[in-house]
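Q: Got a structure for you, written out below as structure tokens; questions coming shortly.
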Amino acid sequence: MTQTQTRPTTEPERPKPTAATAMRLIVPLQGVVQGRGGLILGSLIPCALFYFLQFYLKRHRSPNPSSDPPSPSTPSSNLADLPRTSSRSNLSSRGSFGPVRVSSRAGSLAKADDSTYYIGLNKVKEDPYHRTNNPNGIIQLGLSENTLCLDLIEKWVSENLTDSIMGSDGGDLSISGIAAYKPFDGMTEMKVAMASFMSRVIGKAVSFDPSQIVLTAGATPAIEILSFCLADHGNAFLVPTPYYPGFDRDIRSRTGVELIPVHCRSTDNFVFSITALDQAFNQARKRGVKVRAILICNPANPVGNILPRETLYDVLDFAREKNIHIICDEIYGGSIFGSEEFVSMAEILDSEEGDKDRVHIIYGLSKDLSLPGFRAGVIYSYNDSVLAAAKKLTRFSSMSTLTQRLLISMLSDTRFTQEYFETNKRRVKEIYDSFVAGLKQLGIRCSESNAGLYCWADMSALIPTYSEKGELELWDKLLNIAKINVTPGSACHCIEPGWFRCCFATLSQEDIPVVIERIQKVAETCKFPS
Amino acid sequence: MTRTLPRPHKLSNSTSPTNSSGGGTAMRVIVPLQGVVQGRGGLFLGSVIPCALFYFLQLYLKRFRNDPGDPKDPNSSSPPPRTGSPNTSPSNSAGKLTELSGFPRSLSRSLLSPRNTGGPVSVSSRVSSILKSGESPFYLGLKRVEDDPYHEVGNSGGIIQLGLAENKLSLDLVEDWLDQNAREALVGGVANCEESNSSGIASYQAFDGLMELKVAVAGFMSQVMEKEISFNPSQIVLTAGAIPAIEILSFCLADSGNAFLVPTPYHPGLDRDVKWRTGVEIIPVPCRSADNFSVSITALDRAFNQARKRGIRVRGIIISNPTNPVGNLFNRDTLYSLLDFAREKKIHVVSNELLAGSTYGSEEFVSMADIIDVEDLDRDRVHMVYALSKDLSLPGFRMGVIHSYNENVLAATKKMARFSSVSAPTQHLVVSMLSDAKFVEKLVKINRERLGRMYVEFAGGLKKLGIECTKSNGGFYCWADMSGLISSYSEKGEFELWDKLLNVAKLNVIPGSCCHCIEPGWFCFCFTLLTEKDIPVVMERIRRISETCKFQS
């Protein structure tokens with residue numbers, strides 16, 4: 001306050017209304033501060049602004065302010081948090097032994113899950129279905145995992161394990177090969193093996209360059225590391241909806257990056273349009289949020305459709321026009337069971353020249369090789385700075401050497417991978433066909449799907465009200481009465497209520513009648529009241 | 001500014017716009033409102049702090065702006081268009097400020113940039129600051145060794161690695177065990193998922209680690225700490241190495257702009273681990289050779305108060321016990337006073353006990369868990385980091401452990417473990433390794449003996465050259481005082497010697513300044529990658545350098 005007291009001497013006397021006076025003062029003073037000097041006057045504006053901020057906060061504060069730290073997502077609450085915490089620590093009495101507090105970002109994470117996606121998953125953990133041991137347990141249709149071909153993996157591991165880890169001739173080289181420190185971003189052999197595997201699986205005609213690969217402990221950290229690299233706290237990514245419910249936690253929780261949903265509709269089979277992207281981009285700009293990238297999932301999760309070639313070109317043009325990055329999540333690139341052709345972004349870029357450095361591809365072995373336990377993720381980027389930064393950040397999430405050794409020999413065994421893919425495609429297709437046929441008998445239609453380990457079912461006829469509330473009621477019924485855990489569309493930010501994602505790749509043929517019967521029971525009760 | 005118009009309206013009855021100057025009127029409006037808003041008072045803090053902050057922000061912006069064009073003016077309606085890709089100047093030390101400043105600047109840029117610039121797309125400023133930051137000698141040295149590593153017969157003129165904390169002294173034991181048991185451990189793992197419902201190696205696991213492994217790790221930790229401490233497996237979270245364990249704890253305990261106190265010298269990697277992504281700062285608390293580099297509460301208190309004066313909120317202390325790189329141990333009294341300090345300041349204590357199983361001296365190692373067991377008032381503020389990389393000589397396995405007594409921290413770390421989880425085959429292998437109690441006992445015992453022997457030899461060799469080491473009781477390092485050899489008693493002199501050691505003598509060591517040691521001339525020699533045969537070679541190389549150094553001076 002002492003600083004501001006001296007201000008009147010520098011200003012002319014004004015007996016006019018305060019608002020006008022303030023304006024007269026502020027405008028020239030701005031100039032003074034920013035050009036030549038005058039710290040006092042520059043402080044008036046922030047005082048006023050700050051007052052309004054405090055006023056706003058006070059009004060919107062929940063009844064118990066101390067236990068509810070502001071969420072770290074919006075930049076404005078971040079600003080508010082800063083002086084408040086510091087003043088609190090200054091004023092608090094020295095010796096009071098209150099409980100020690102965690103950071104506000106951890107505070108929001110430590111709270112119980114609020115997303116239906118995680119609630120469902122936890123529920124299944126408590127009471128999982130088993131054909132003989134627990135026939136009344138909850139059937140897991142919420143986790144995108146593939147157990148159809150585990151027998152092949154098991155056979156391979158039992159035949160090749162010793163050789164892959166210890167080396168066929170044993171010796172000193174191999175033990176220090178798995179025990180010693182290795183580059184955090186993965187061994188070179190592993191990158192070479194991964195590059196050729198990716199060419200075989202997702203690129204077909206494209207060759208991937210091992211030096212553009214960064215390996216991480218799963219696709220989840222791969223996406224997080226990319227988010228750290230591409231955006232600052234408060235920036236945003238555009239994401240076409242419905243999107244994978246895990247993105248919210250993967251991307252937002254630690255990086256502070258926002259996700260802006262770009263809504264897609266069932267009439268377009270949930271393929272996004274450039275108009276919608278453009279609209280979302282402009283709206284974000286109006287809100288003052290800087291969009292740094294667009295995140296697309298191809299083949300899409302949860303819908304299971306494949307983006308057509310033209311759409312990929314359009315996205316590329318859009319990103320160029322707006323000068324933003326593109327993150328392509330192609331983790332299901334090898335899980336195609338339909339007739340449609342999958343086009344990788346790498347293939348598009350292969351034919352393009354120049355300006356590739358805005359494209360980054362995410363890949364992993366959790367889905368295509370059904371090895372989620374191995375925690376193998378890939379960042380494939382065309383941007384040298386991103387690669388350099390991502391390599392440095394892999395210190396926080398690197399793959400164990402043991403796993404890398406195993407995978408090097410598994411991925412290099414082309415006969416095995418070939419056989420695996422053929423068998424896997426056939427088995428996924430079979431189970432998909434019978435699952436969709438089962439749903440169809442109940443009058444439930446699925447959107448057209450060619451890839452993935454899930455189908456995207458329209459149960460809007462079963463929901464009591466055409467709203468999110470109705471959808472959640474049905475989800476609750478399915479979970480607690482029918483004992484089936486599916487992912488409701490709202491968890492995927494779908495704007496049309498009544499859609500559900502059902503992952504079928506952990507089922508066997510015998511389970512399908514059980515699932516369909518359980519859904520039928522619920523469906524009957526639903527149709528009755530309406 | 002139009003938004004400020006309704007303000008005097010509301011309060012016109014409390015202010016008399018008659019005689020006072022405009023500024024005074026504005027203050028009259030703002031000041032009482034401040035008080036009203038904050039409930040009781042605090043009008044001074046409520047307004048002075050934002051004013052000061054904003055002033056510094058403006059000053060900062062002004063200083064770092066390089067284009068002489070119109071300054072950014074929120075009121076002007078026709079700002080000059082900007083082309084190209086201006087890059088914000090990121091400085092990691094002022095994370096808070098850049099965050100604040102980045103927001104309005106990038107906003108205006110995106111509004112102004114012409115539609116079709118097609119310029120190169122930029123990476124985030126937090127990452128470009130990582131990329132730009134100059135490599136410290138620690139990392140430069142490691143790179144040099146990679147290019148030209150010493151080998152007894154293959155490359156006898158290569159660089160000898162004394163800068164990487166990796167232990168190969170007992171690798172033969174681990175190898176023997178793996179030869180005999182790896183197959184069984186892993187194949188059994190895959191088969192599991194077919195027989196029962198328990199998870200195999202291929203399918204999704206809990207991100208924070210298998211319960212079997214947590215139980216095994218808890219048992220192993222009690223065994224290593226050599227006390228009757230029991231660890232509760234449900235208070236353990238597993239991560240892919242100790243580095244993410246520390247990072248996750250930093251995320252959980254501090255917000256961006258907060259700080260941790262860390263006694264120096266500390267391990268050079270810690271800066272990256274704690275600061276890079278979390279935006280948390282490290283405030284070094286200098287320790288001196290006169291105290292054998294042990295931390296004093298006075299120094300902690302001073303650092304804490306200085307930070308407070310700078311407006312930085314300290315959220316915790318990170319200690320390493322046994323200390324890394326010095327190798328001394330915290331005694332019971334120091335740990336108690338540390339806890340008292342933390343209680344008084346209401347901050348957390350992170351105790352990094354990575355090297356607990358690698359102690360070899362006569363002194364007793366006291367774990368933080370031991371202290372807490374007796375005095376459980378403050379369990380909530382104590383968190384431990386542990387890893388299997390050092391004590392089992394398996395850094396490639398990437399197995400870190402967070403042990404916390406705080407429910408909230410545990411809940412949050414479990415969720416963050418999704419970003420850094422251990423692969424299932426590795427977990428299965430380590431479970432069976434740790435369950436082999438006889439093997440583990442033998443490994444730890446022999447490893448300690450070998451470490452002790454190497455330390456004595458290495459320190460003895462240095463002593464013959466007139467170089468004194470601090471007395472070490474654990475860890476892989478000799479912390480040696482080479483201030484007699486540096487040309488000037490300063491950081492510069494130290495770097496010159498380091499450079500000579502690396503390029504002339506072909507020895508990669510860590511200079512003390514990388515560990516933020518305030519006394520120049522200390523160097524860290526990691527001896528666990530050597531064999532006993534290598535020691536004379538190393539000593540001979542040092543001797544040659546020390547002779548040239550003495551000559552000059």
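We name chains A, B, ... following the order of the structure tokens; residues begin at 1 in each chain, and ligands are numbered from 1 as shown.
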Quick one: pick out all strand (DSSP E or B) residues within region 291-438 of chain A from a backbone DSSP run and write them as an MDAnalysis selection string.
A: chainID A and resid 291:297 325:329 336 359:364 377:381
Q: If we count only C-alpha atoms, what is near region 396-400 of chain B at a cut-off of 8 Å, once residues fewer than 3 positions away on the same chain are taken out, given as a list in words?
A: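 Final neighbour list, sorted by chain and number: Ile178, Ala179, Ala180, Tyr181, Lys182, Ser398, Met399, Ser400, Thr401 and Leu402 of chain A; Leu238, Thr239, Ala240, Gly241, Ala242, Ile243, Pro244, Ala245, Val385, Tyr386, Ala387, Leu388, Ser389, Val422 and Thr426 of chain B.
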Q: Could you write out the selected residues, including C-alpha atoms, as a PDB file, in the first residue's frame?
A:
```pdb
ATOM      1  CA  ILE A 178      20.167 -57.713 -19.524  1.00  0.00           C
ATOM      2  CA  ALA A 179      21.461 -56.578 -16.156  1.00  0.00           C
ATOM      3  CA  ALA A 180      23.381 -53.449 -17.123  1.00  0.00           C
ATOM      4  CA  TYR A 181      22.194 -49.926 -17.711  1.00  0.00           C
ATOM      5  CA  LYS A 182      21.059 -49.492 -21.276  1.00  0.00           C
ATOM      6  CA  SER A 398      11.927 -47.045 -19.792  1.00  0.00           C
ATOM      7  CA  MET A 399      11.472 -50.686 -20.715  1.00  0.00           C
ATOM      8  CA  SER A 400      13.271 -53.336 -18.753  1.00  0.00           C
ATOM      9  CA  THR A 401      16.128 -54.971 -20.622  1.00  0.00           C
ATOM     10  CA  LEU A 402      14.770 -58.398 -19.897  1.00  0.00           C
TER      11      LEU A 402
ATOM     12  CA  LEU B 238       6.417 -50.228  -7.827  1.00  0.00           C
ATOM     13  CA  THR B 239       7.699 -48.111 -10.695  1.00  0.00           C
ATOM     14  CA  ALA B 240       9.994 -48.606 -13.653  1.00  0.00           C
ATOM     15  CA  GLY B 241      13.126 -47.564 -11.798  1.00  0.00           C
ATOM     16  CA  ALA B 242      14.048 -45.203  -9.009  1.00  0.00           C
ATOM     17  CA  ILE B 243      14.036 -42.180 -11.322  1.00  0.00           C
ATOM     18  CA  PRO B 244      10.289 -42.282 -11.975  1.00  0.00           C
ATOM     19  CA  ALA B 245       9.769 -43.112  -8.297  1.00  0.00           C
ATOM     20  CA  VAL B 385      12.409 -44.460  -2.275  1.00  0.00           C
ATOM     21  CA  TYR B 386      14.106 -47.736  -2.851  1.00  0.00           C
ATOM     22  CA  ALA B 387      15.201 -49.732  -5.877  1.00  0.00           C
ATOM     23  CA  LEU B 388      16.466 -53.130  -6.801  1.00  0.00           C
ATOM     24  CA  SER B 389      18.903 -51.785  -9.341  1.00  0.00           C
ATOM     25  CA  VAL B 422       7.252 -52.585 -14.633  1.00  0.00           C
ATOM     26  CA  THR B 426      10.460 -58.727 -15.180  1.00  0.00           C
TER      27      THR B 426
END
```
Q: Write out as a PyMOL selection string each polymer residue whose atoms come within 10 Å of Glu517 (chain A), counting only C-alpha atoms; drop sequence neighbours fewer than 6 positions from it.
A: chain A and resi 438-439+442+482+523
Q: Leaving out Gln180 (chain B) and any residue of its chain fewer than 3 positions from it, which residues lie within 12 Å of it when counting only C-alpha atoms, given as an MDAnalysis selection string?
A: (chainID A and resid 162 166 170) or (chainID B and resid 173:177 183:186 429 432:433 439)
Q: What does the structure give for the distance between CA of Cys264 (chain A) and CA of Ser144 (chain A), in Å to one decimal?
A: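 A separation of 21.7 Å between them.
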Q: Please determine, counting only C-alpha atoms, which residue among B:Ser129, B:Ser203, B:Ser156, B:Thr298 has the shortest atom-to-atom distance to chain A.
A: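 Among the listed residues, the smallest separation from chain A belongs to B:Ser203.
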Q: May I ask for the distance between CA of Ala231 (chain A) and CA of Val262 (chain A), given in Å to one decimal place?
A: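 Computed distance, CA of Ala231 (chain A) to CA of Val262 (chain A), equals 18.3 Å.
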Q: Could you pull the residues within 9 Å of region 518-528 of chain B, counting only C-alpha atoms, minus those fewer than 5 positions along the same chain, as a PyMOL selection string?
A: chain B and resi 161-169+264-265+286-289+325-326+451+454-455+458+475-486+489-495+497-498+508-513+535
Q: How would the residues just chosen look if you wrote them out with C-alpha atoms as a PDB file, in the first residue's frame?
A:
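Final output, saved to out_29.pdb:
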```pdb
ATOM      1  CA  GLN B 161      34.341 -45.308 -16.608  1.00  0.00           C
ATOM      2  CA  LEU B 162      34.365 -43.971 -13.059  1.00  0.00           C
ATOM      3  CA  GLY B 163      31.268 -41.832 -13.390  1.00  0.00           C
ATOM      4  CA  LEU B 164      28.373 -44.265 -13.573  1.00  0.00           C
ATOM      5  CA  ALA B 165      26.837 -45.715 -10.438  1.00  0.00           C
ATOM      6  CA  GLU B 166      26.539 -49.230 -11.637  1.00  0.00           C
ATOM      7  CA  ASN B 167      27.705 -52.240  -9.677  1.00  0.00           C
ATOM      8  CA  LYS B 168      29.240 -55.144 -11.549  1.00  0.00           C
ATOM      9  CA  LEU B 169      31.129 -56.616  -8.638  1.00  0.00           C
ATOM     10  CA  THR B 264      24.564 -30.967  -1.246  1.00  0.00           C
ATOM     11  CA  PRO B 265      26.558 -32.645  -2.654  1.00  0.00           C
ATOM     12  CA  PRO B 286      25.288 -26.687   1.278  1.00  0.00           C
ATOM     13  CA  CYS B 287      27.232 -29.034   3.532  1.00  0.00           C
ATOM     14  CA  ARG B 288      30.911 -28.658   4.228  1.00  0.00           C
ATOM     15  CA  SER B 289      33.879 -30.947   4.387  1.00  0.00           C
ATOM     16  CA  PRO B 325      27.978 -39.489  -3.658  1.00  0.00           C
ATOM     17  CA  VAL B 326      29.755 -38.983  -0.323  1.00  0.00           C
ATOM     18  CA  LEU B 451      32.307 -53.390  -2.060  1.00  0.00           C
ATOM     19  CA  MET B 454      37.225 -52.422  -3.415  1.00  0.00           C
ATOM     20  CA  TYR B 455      36.693 -49.246  -1.439  1.00  0.00           C
ATOM     21  CA  PHE B 458      40.752 -47.700  -4.204  1.00  0.00           C
ATOM     22  CA  GLY B 475      27.643 -46.776  -1.900  1.00  0.00           C
ATOM     23  CA  PHE B 476      29.755 -47.142  -4.968  1.00  0.00           C
ATOM     24  CA  TYR B 477      31.864 -44.011  -4.709  1.00  0.00           C
ATOM     25  CA  CYS B 478      35.039 -42.565  -3.338  1.00  0.00           C
ATOM     26  CA  TRP B 479      34.562 -38.875  -2.667  1.00  0.00           C
ATOM     27  CA  ALA B 480      38.066 -37.550  -3.083  1.00  0.00           C
ATOM     28  CA  ASP B 481      39.607 -34.210  -2.258  1.00  0.00           C
ATOM     29  CA  MET B 482      41.813 -33.223  -5.177  1.00  0.00           C
ATOM     30  CA  SER B 483      41.938 -29.553  -4.332  1.00  0.00           C
ATOM     31  CA  GLY B 484      45.702 -29.898  -4.095  1.00  0.00           C
ATOM     32  CA  LEU B 485      45.786 -30.529  -7.820  1.00  0.00           C
ATOM     33  CA  ILE B 486      43.572 -27.784  -9.148  1.00  0.00           C
ATOM     34  CA  TYR B 489      40.675 -22.821  -6.067  1.00  0.00           C
ATOM     35  CA  SER B 490      37.445 -22.272  -7.980  1.00  0.00           C
ATOM     36  CA  GLU B 491      34.922 -24.082 -10.101  1.00  0.00           C
ATOM     37  CA  LYS B 492      36.987 -23.180 -13.135  1.00  0.00           C
ATOM     38  CA  GLY B 493      40.054 -24.872 -11.711  1.00  0.00           C
ATOM     39  CA  GLU B 494      37.995 -27.921 -10.940  1.00  0.00           C
ATOM     40  CA  PHE B 495      36.683 -28.146 -14.495  1.00  0.00           C
ATOM     41  CA  LEU B 497      41.283 -30.781 -13.827  1.00  0.00           C
ATOM     42  CA  TRP B 498      38.193 -32.715 -14.863  1.00  0.00           C
ATOM     43  CA  ASN B 508      35.673 -40.191 -16.579  1.00  0.00           C
ATOM     44  CA  VAL B 509      34.971 -38.903 -13.089  1.00  0.00           C
ATOM     45  CA  ILE B 510      32.260 -36.633 -11.712  1.00  0.00           C
ATOM     46  CA  PRO B 511      33.416 -33.197 -10.609  1.00  0.00           C
ATOM     47  CA  GLY B 512      31.951 -31.950  -7.344  1.00  0.00           C
ATOM     48  CA  SER B 513      30.324 -28.957  -8.966  1.00  0.00           C
ATOM     49  CA  ILE B 535      42.947 -50.185  -9.974  1.00  0.00           C
TER      50      ILE B 535
END
```
Q: Can you list every residue in region 169-318 of chain A that DSSP puts in alpha helix (DSSP H), as an MDAnalysis selection string?
A: chainID A and resid 172:179 188:198 219:230 247 253:255 274:286 309:318
Q: Within 9 Å of Gly377 (chain A), counting only C-alpha atoms, which residues show up once you throw out same-chain ones fewer than 2 positions away? Write them as a list in words, please.
A: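 Within the cut-off, the hits are Val214, Leu215, Thr216, Ala217, Gly218, Ala219, Thr220, Pro221, Ala222, Ile331, Ile362, Tyr363, Gly364, Leu365, Ser366, Arg375, Ile379 and Met399 of chain A.
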Q: Using all heavy atoms, can you write the selected residues to a file as a compact mmCIF listing (two decimals), in the first residue's frame?
A:
```
# COMPACT_ATOMS: atom_id res chain seq x y z
N VAL A 214 11.39 -44.08 -30.44
CA VAL A 214 11.71 -43.98 -29.02
C VAL A 214 10.82 -44.98 -28.31
O VAL A 214 9.60 -44.98 -28.52
CB VAL A 214 11.45 -42.56 -28.49
CG1 VAL A 214 11.63 -42.52 -26.99
CG2 VAL A 214 12.38 -41.56 -29.14
N LEU A 215 11.43 -45.85 -27.51
CA LEU A 215 10.64 -46.87 -26.82
C LEU A 215 10.31 -46.43 -25.40
O LEU A 215 11.15 -45.84 -24.72
CB LEU A 215 11.42 -48.18 -26.78
CG LEU A 215 11.70 -48.80 -28.15
CD1 LEU A 215 12.75 -49.88 -28.02
CD2 LEU A 215 10.43 -49.37 -28.74
N THR A 216 9.10 -46.73 -24.97
CA THR A 216 8.67 -46.36 -23.62
C THR A 216 8.01 -47.57 -22.97
O THR A 216 7.69 -48.55 -23.63
CB THR A 216 7.65 -45.22 -23.65
OG1 THR A 216 6.53 -45.66 -24.42
CG2 THR A 216 8.23 -43.97 -24.26
N ALA A 217 7.76 -47.45 -21.68
CA ALA A 217 7.14 -48.55 -20.95
C ALA A 217 5.62 -48.53 -21.16
O ALA A 217 4.85 -48.29 -20.24
CB ALA A 217 7.49 -48.48 -19.48
N GLY A 218 5.19 -48.76 -22.38
CA GLY A 218 3.77 -48.80 -22.70
C GLY A 218 3.35 -47.59 -23.51
O GLY A 218 4.05 -46.58 -23.57
N ALA A 219 2.17 -47.71 -24.13
CA ALA A 219 1.68 -46.61 -24.95
C ALA A 219 1.20 -45.45 -24.10
O ALA A 219 1.22 -44.30 -24.54
CB ALA A 219 0.56 -47.10 -25.86
N THR A 220 0.76 -45.73 -22.88
CA THR A 220 0.30 -44.65 -22.00
C THR A 220 1.40 -43.62 -21.75
O THR A 220 1.19 -42.43 -22.00
CB THR A 220 -0.20 -45.25 -20.67
OG1 THR A 220 -1.26 -46.15 -20.95
CG2 THR A 220 -0.69 -44.19 -19.73
N PRO A 221 2.59 -44.03 -21.28
CA PRO A 221 3.64 -43.02 -21.15
C PRO A 221 4.08 -42.44 -22.48
O PRO A 221 4.53 -41.29 -22.53
CB PRO A 221 4.79 -43.77 -20.48
CG PRO A 221 4.46 -45.19 -20.54
CD PRO A 221 3.00 -45.31 -20.70
N ALA A 222 3.95 -43.20 -23.57
CA ALA A 222 4.32 -42.64 -24.87
C ALA A 222 3.48 -41.41 -25.17
O ALA A 222 3.98 -40.37 -25.59
CB ALA A 222 4.15 -43.70 -25.96
N ILE A 331 -2.32 -47.69 -32.46
CA ILE A 331 -2.03 -48.87 -31.65
C ILE A 331 -2.84 -50.09 -32.10
O ILE A 331 -2.45 -51.23 -31.86
CB ILE A 331 -2.23 -48.55 -30.15
CG1 ILE A 331 -1.56 -49.62 -29.31
CG2 ILE A 331 -3.69 -48.38 -29.80
CD1 ILE A 331 -1.38 -49.23 -27.88
N ILE A 362 1.97 -43.01 -32.53
CA ILE A 362 2.06 -43.80 -31.30
C ILE A 362 1.77 -45.26 -31.66
O ILE A 362 0.83 -45.54 -32.40
CB ILE A 362 0.98 -43.35 -30.29
CG1 ILE A 362 1.18 -41.90 -29.88
CG2 ILE A 362 0.94 -44.27 -29.09
CD1 ILE A 362 2.23 -41.70 -28.84
N TYR A 363 2.58 -46.13 -31.15
CA TYR A 363 2.31 -47.55 -31.38
C TYR A 363 2.65 -48.32 -30.10
O TYR A 363 3.26 -47.78 -29.17
CB TYR A 363 3.14 -48.06 -32.57
CG TYR A 363 2.75 -49.44 -33.01
CD1 TYR A 363 1.46 -49.68 -33.46
CD2 TYR A 363 3.63 -50.50 -32.92
CE1 TYR A 363 1.07 -50.96 -33.82
CE2 TYR A 363 3.26 -51.78 -33.29
CZ TYR A 363 1.98 -52.00 -33.73
OH TYR A 363 1.59 -53.27 -34.08
N GLY A 364 2.22 -49.57 -30.06
CA GLY A 364 2.53 -50.39 -28.88
C GLY A 364 2.20 -51.83 -29.19
O GLY A 364 1.56 -52.12 -30.21
N LEU A 365 2.62 -52.71 -28.31
CA LEU A 365 2.38 -54.13 -28.57
C LEU A 365 1.23 -54.68 -27.74
O LEU A 365 0.94 -55.86 -27.79
CB LEU A 365 3.65 -54.94 -28.28
CG LEU A 365 4.86 -54.56 -29.13
CD1 LEU A 365 6.07 -55.39 -28.72
CD2 LEU A 365 4.57 -54.77 -30.61
N SER A 366 0.58 -53.81 -26.97
CA SER A 366 -0.46 -54.30 -26.07
C SER A 366 -1.63 -54.91 -26.83
O SER A 366 -2.24 -55.86 -26.37
CB SER A 366 -0.99 -53.17 -25.21
OG SER A 366 0.06 -52.52 -24.58
N ARG A 375 4.36 -54.01 -21.40
CA ARG A 375 4.58 -52.57 -21.35
C ARG A 375 5.56 -52.11 -22.43
O ARG A 375 6.63 -51.59 -22.14
CB ARG A 375 5.09 -52.11 -19.98
CG ARG A 375 4.42 -52.66 -18.75
CD ARG A 375 2.96 -52.38 -18.62
NE ARG A 375 2.58 -50.99 -18.75
CZ ARG A 375 1.55 -50.59 -19.46
NH1 ARG A 375 0.80 -51.46 -20.12
NH2 ARG A 375 1.23 -49.34 -19.53
N ILE A 379 7.11 -44.29 -29.62
CA ILE A 379 6.87 -42.98 -30.23
C ILE A 379 7.64 -42.98 -31.53
O ILE A 379 8.85 -43.22 -31.54
CB ILE A 379 7.39 -41.83 -29.34
CG1 ILE A 379 6.67 -41.81 -28.00
CG2 ILE A 379 7.24 -40.49 -30.05
CD1 ILE A 379 7.28 -40.84 -27.01
N MET A 399 11.80 -49.26 -20.70
CA MET A 399 11.47 -50.69 -20.71
C MET A 399 12.59 -51.48 -20.06
O MET A 399 13.76 -51.17 -20.25
CB MET A 399 11.35 -51.16 -22.16
CG MET A 399 10.02 -50.92 -22.77
SD MET A 399 10.13 -51.34 -24.52
CE MET A 399 9.95 -53.09 -24.43
```
Q: Rank nothing, just name the residue among A:Ala451, A:Cys149, A:Ala236, A:Val386 nearest to Ser339 (chain A), using only C-alpha atoms.
A: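 Closest to Ser339 (chain A) of all the choices is A:Ala451.
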Q: Got a sec: who's within 9 Å of region 115-124 of chain A, counting only C-alpha atoms, leaving out chain neighbours fewer than 4 positions off, as a list in words?
A: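 Those residues are Pro128, Tyr129, Gly137, Ile138, Ile139, Gln140, Gly142, Leu143, Pro245, Gly246, Leu472, Trp475, Leu479, Lys483, Ile484, Asn485, Val486, Thr487, Pro488, Ser490, Ala491 and Cys492 of chain A.
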Q: Please measure the separation of CA of Pro268 (chain B) and CA of Ile467 (chain B), giving the value in Å to one decimal.
A: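 Rounded to one decimal, the two atoms are 22.6 Å apart.
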Q: Taking only C-alpha atoms into account, which of B:Asp391, B:Asp179, B:Glu468, B:Asp333 comes nearest chain A?
A: B:Asp179
